[in-house]
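Peer 1: See structure.cif below, with mmCIF, C-alpha atoms and all ligand atoms.
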data_protein
loop_
_atom_site.label_atom_id
_atom_site.label_comp_id
_atom_site.auth_asym_id
_atom_site.auth_seq_id
_atom_site.Cartn_x
_atom_site.Cartn_y
_atom_site.Cartn_z
CA MET A 1 20.65 -1.10 8.38
CA ASN A 2 20.79 -1.97 4.71
CA ILE A 3 18.01 -1.52 2.21
CA ASN A 4 17.54 -5.23 1.59
CA SER A 5 16.65 -6.06 5.17
CA GLY A 6 14.05 -3.27 5.17
CA LYS A 7 12.66 -4.66 1.94
CA GLU A 8 12.50 -8.21 3.28
CA ARG A 9 10.81 -7.06 6.45
CA PHE A 10 8.31 -5.15 4.35
CA LYS A 11 7.54 -8.23 2.24
CA GLU A 12 7.12 -10.28 5.39
CA ARG A 13 4.59 -7.71 6.58
CA VAL A 14 2.72 -8.02 3.28
CA ARG A 15 2.54 -11.81 3.69
CA GLU A 16 1.30 -11.47 7.25
CA TRP A 17 -1.50 -9.17 6.20
CA GLY A 18 -2.32 -11.42 3.27
CA ASP A 19 -2.80 -14.29 5.74
CA LYS A 20 -4.73 -12.16 8.16
CA LEU A 21 -7.13 -10.86 5.50
CA GLU A 22 -7.19 -14.23 3.73
CA VAL A 23 -6.13 -12.70 0.45
CA PRO A 24 -3.98 -14.85 -1.83
CA VAL A 25 -0.59 -13.26 -2.46
CA THR A 26 1.25 -14.92 -5.33
CA SER A 27 4.08 -12.42 -5.72
CA ILE A 28 5.42 -9.27 -4.09
CA THR A 29 7.56 -6.88 -6.09
CA VAL A 30 9.19 -3.77 -4.68
CA ARG A 31 10.48 -1.35 -7.30
CA PRO A 32 10.37 2.35 -8.14
CA MET A 33 6.91 3.22 -9.45
CA LYS A 34 6.18 6.38 -11.36
CA THR A 35 2.53 7.09 -10.78
CA LYS A 36 1.38 4.92 -7.88
CA TRP A 37 2.44 3.77 -4.47
CA ALA A 38 1.26 0.25 -5.17
CA SER A 39 -0.93 -2.00 -7.27
CA TYR A 40 -2.79 -5.28 -6.90
CA SER A 41 -3.67 -7.61 -9.74
CA THR A 42 -6.55 -10.05 -9.52
CA THR A 43 -4.09 -12.92 -9.77
CA GLY A 44 -2.62 -11.89 -6.41
CA ARG A 45 0.43 -10.06 -7.69
CA LEU A 46 1.38 -7.08 -5.58
CA THR A 47 3.76 -4.31 -6.58
CA PHE A 48 4.95 -1.60 -4.18
CA ASP A 49 6.98 1.54 -4.68
CA ALA A 50 10.59 1.15 -3.52
CA LEU A 51 10.21 3.99 -1.01
CA LEU A 52 7.64 2.13 1.07
CA PRO A 53 10.04 -0.09 3.06
CA GLU A 54 11.67 3.16 4.25
CA MET A 55 8.43 4.61 5.53
CA THR A 56 6.81 4.28 8.94
CA LYS A 57 5.08 1.04 9.82
CA GLU A 58 1.71 2.82 9.87
CA LEU A 59 2.09 4.04 6.29
CA GLN A 60 3.27 0.63 5.14
CA VAL A 61 0.28 -1.06 6.72
CA TYR A 62 -2.07 1.50 5.21
CA VAL A 63 -0.80 0.79 1.69
CA ILE A 64 -0.71 -2.98 2.23
CA VAL A 65 -4.26 -3.19 3.57
CA HIS A 66 -5.47 -0.73 0.93
CA GLU A 67 -4.23 -2.98 -1.85
CA LEU A 68 -5.23 -6.30 -0.30
CA LEU A 69 -8.79 -5.10 0.18
CA HIS A 70 -8.98 -4.45 -3.55
CA SER A 71 -9.05 -8.21 -3.96
CA ARG A 72 -12.59 -8.01 -2.57
CA VAL A 73 -13.62 -4.49 -3.47
CA PRO A 74 -12.22 -3.03 -6.69
CA ASN A 75 -13.13 0.57 -5.83
CA HIS A 76 -12.97 2.98 -2.89
CA GLY A 77 -16.68 2.91 -2.14
CA LYS A 78 -18.60 2.47 1.10
CA LEU A 79 -17.77 -1.21 1.58
CA TRP A 80 -14.07 -0.64 1.00
CA LYS A 81 -14.07 2.27 3.44
CA SER A 82 -15.79 0.29 6.16
CA LEU A 83 -13.31 -2.57 5.75
CA MET A 84 -10.43 -0.09 5.94
CA ARG A 85 -11.87 1.33 9.12
CA ALA A 86 -12.39 -2.12 10.61
CA HIS A 87 -8.72 -3.00 10.12
CA LEU A 88 -6.97 0.34 10.52
CA GLY A 89 -9.25 2.61 12.53
CA ASP A 90 -8.87 6.24 11.48
CA TYR A 91 -6.91 5.88 8.30
CA GLU A 92 -7.68 9.21 6.59
CA GLU A 93 -4.70 10.93 8.18
CA LEU A 94 -2.36 8.34 6.69
CA GLU A 95 -3.96 8.87 3.32
CA THR A 96 -3.30 12.61 3.56
CA GLU A 97 0.27 11.99 4.62
CA LEU A 98 0.89 9.74 1.62
CA ARG A 99 -0.66 12.27 -0.71
CA GLU A 100 1.66 14.96 0.61
CA MET A 101 4.66 12.69 0.25
CA ALA A 102 3.63 11.92 -3.31
CA HIS A 103 3.64 15.62 -4.09
CA ASN A 104 7.12 16.04 -2.70
CA LYS A 105 8.38 12.94 -4.40
CA LYS A 106 6.99 13.81 -7.80
CA GLY A 107 7.91 17.44 -7.72
CA GLY A 108 4.40 18.67 -7.05
CA ASP A 109 2.66 17.10 -10.01
CA LEU A 110 -0.93 16.99 -8.86
CA LYS A 111 -1.87 14.26 -11.27
CA LEU A 112 0.53 11.86 -9.58
CA THR A 113 -0.93 11.83 -6.12
CA VAL A 114 -1.90 8.81 -4.15
CA SER A 115 -3.51 6.64 -6.71
CA LEU A 116 -3.62 3.12 -5.34
ZN ZN B 201 -7.09 1.84 -4.21
#
Give the structure from this file in structure tokens form.
Ligand SMILES: [Zn+2]

Peer 2:
Amino acid sequence: MNINSGKERFKERVREWGDKLEVPVTSITVRPMKTKWASYSTTGRLTFDALLPEMTKELQVYVIVHELLHSRVPNHGKLWKSLMRAHLGDYEELETELREMAHNKKGGDLKLTVSL
């Protein structure tokens, strides 16, 4: 399997969730990111770390939904958490997993954890 097909499948997944959550997605970029797994701009531009298409579907969906929900809730407060739970169920384990991967990826720099 080549990297491109994984990337395209990942982008397709982003579009699907955008439709499902009714969040406008104007562009999807996948590239190596230094300090984050992903980001969402208010104009609907999404950027994801290049490692994500290689990860499990569950982790991909966590990051996708995490970012898309920021179109409605700009923080990680109560409302955001309840929306996360509504769409993903118990998501905390995935969050922990990503945080651990971030440590490995960034050589253990605690500042560069899972900031999304
Ligand atoms: Zn976030």

Peer 1: Here is a test: counting all atoms listed in the file, which residue of A:Ile64, A:Leu94, A:Val23, A:Leu79 is nearest to Leu52 of chain A?

Peer 2: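 The answer is A:Ile64, which sits nearest to Leu52 of chain A.
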
Peer 1: Could you list, as a PyMOL selection string, all residues that come within 10 Å of ligand ZN 201 (chain B)? Count all atoms listed in the file.

Peer 2: chain A and resi 36-40+63+65-70+73-77+80+114-116

Peer 1: Between atom CA of Glu12 of chain A and atom CA of Thr35 of chain A, measure the distance and give it in Å to one decimal.

Peer 2: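 Atom CA of Glu12 of chain A sits 24.2 Å away from atom CA of Thr35 of chain A.
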
Peer 1: Between atom CA of Glu8 of chain A and atom CA of Leu83 of chain A, measure the distance and give it in Å to one decimal.

Peer 2: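 Result for atom CA of Glu8 of chain A versus atom CA of Leu83 of chain A: 26.5 Å, one decimal.
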
Peer 1: State, in Å with one decimal place, the distance from atom CA of Ala50 of chain A to atom CA of Asp90 of chain A.

Peer 2: 25.1 Å

Peer 1: Nearest residue to Ser71 of chain A out of A:Thr96, A:Ser41, A:Thr47, A:Thr56, using all atoms listed in the file?

Peer 2: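 Going through A:Thr96, A:Ser41, A:Thr47, A:Thr56 one by one, the smallest distance to Ser71 of chain A is for A:Ser41.
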
Peer 1: Hey, can you pull every residue with an atom no more than 8 Å from (0.4, -11.0, -8.6), using only C-alpha atoms, and send it as a PyMOL selection string?

Peer 2: chain A and resi 25-28+40-47

Peer 1: What would the file look like if the residues just selected were written as a tab-separated table (two decimals), in the coordinates of the input with C-alpha atoms?

Peer 2:
chain	number	residue	atom	x	y	z
A	25	VAL	CA	-0.59	-13.26	-2.46
A	26	THR	CA	1.25	-14.92	-5.33
A	27	SER	CA	4.08	-12.42	-5.72
A	28	ILE	CA	5.42	-9.27	-4.09
A	40	TYR	CA	-2.79	-5.28	-6.90
A	41	SER	CA	-3.67	-7.61	-9.74
A	42	THR	CA	-6.55	-10.05	-9.52
A	43	THR	CA	-4.09	-12.92	-9.77
A	44	GLY	CA	-2.62	-11.89	-6.41
A	45	ARG	CA	0.43	-10.06	-7.69
A	46	LEU	CA	1.38	-7.08	-5.58
A	47	THR	CA	3.76	-4.31	-6.58

Peer 1: Dump as a PyMOL selection string all residues having an atom at most 10 Å from (-2.5, -7.1, 11.6), computed in the file's coordinates with only C-alpha atoms.

Peer 2: chain A and resi 13-14+16-21+61+65+87-88

Peer 1: Report as a list in words all protein, DNA and RNA residues lying within 12 Å of Glu92 of chain A, evaluated on only C-alpha atoms, omitting residues in the same chain fewer than 3 positions from it.

Peer 2: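 Residues near the query, excluding close chain neighbours: Glu58, Leu59, Tyr62, Val63, His66, Lys81, Met84, Arg85, Leu88, Gly89, Glu95, Thr96, Glu97, Leu98 and Arg99 of chain A.
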
Peer 1: Give the answer as one residue: which of A:Phe10, A:Glu22, A:Gln60, A:Arg15 has the shortest atom-to-atom distance to Tyr91 of chain A, using all atoms listed in the file?

Peer 2: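 Among the listed residues, the smallest separation from Tyr91 of chain A belongs to A:Gln60.
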
Peer 1: Choose the residue, out of A:Lys7, A:Lys78, A:Lys57, A:Arg72, that has the smallest atom-to-atom separation from Arg31 of chain A; count all atoms listed in the file.

Peer 2: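 Comparing A:Lys7, A:Lys78, A:Lys57, A:Arg72 against Arg31 of chain A, the winner is A:Lys7.
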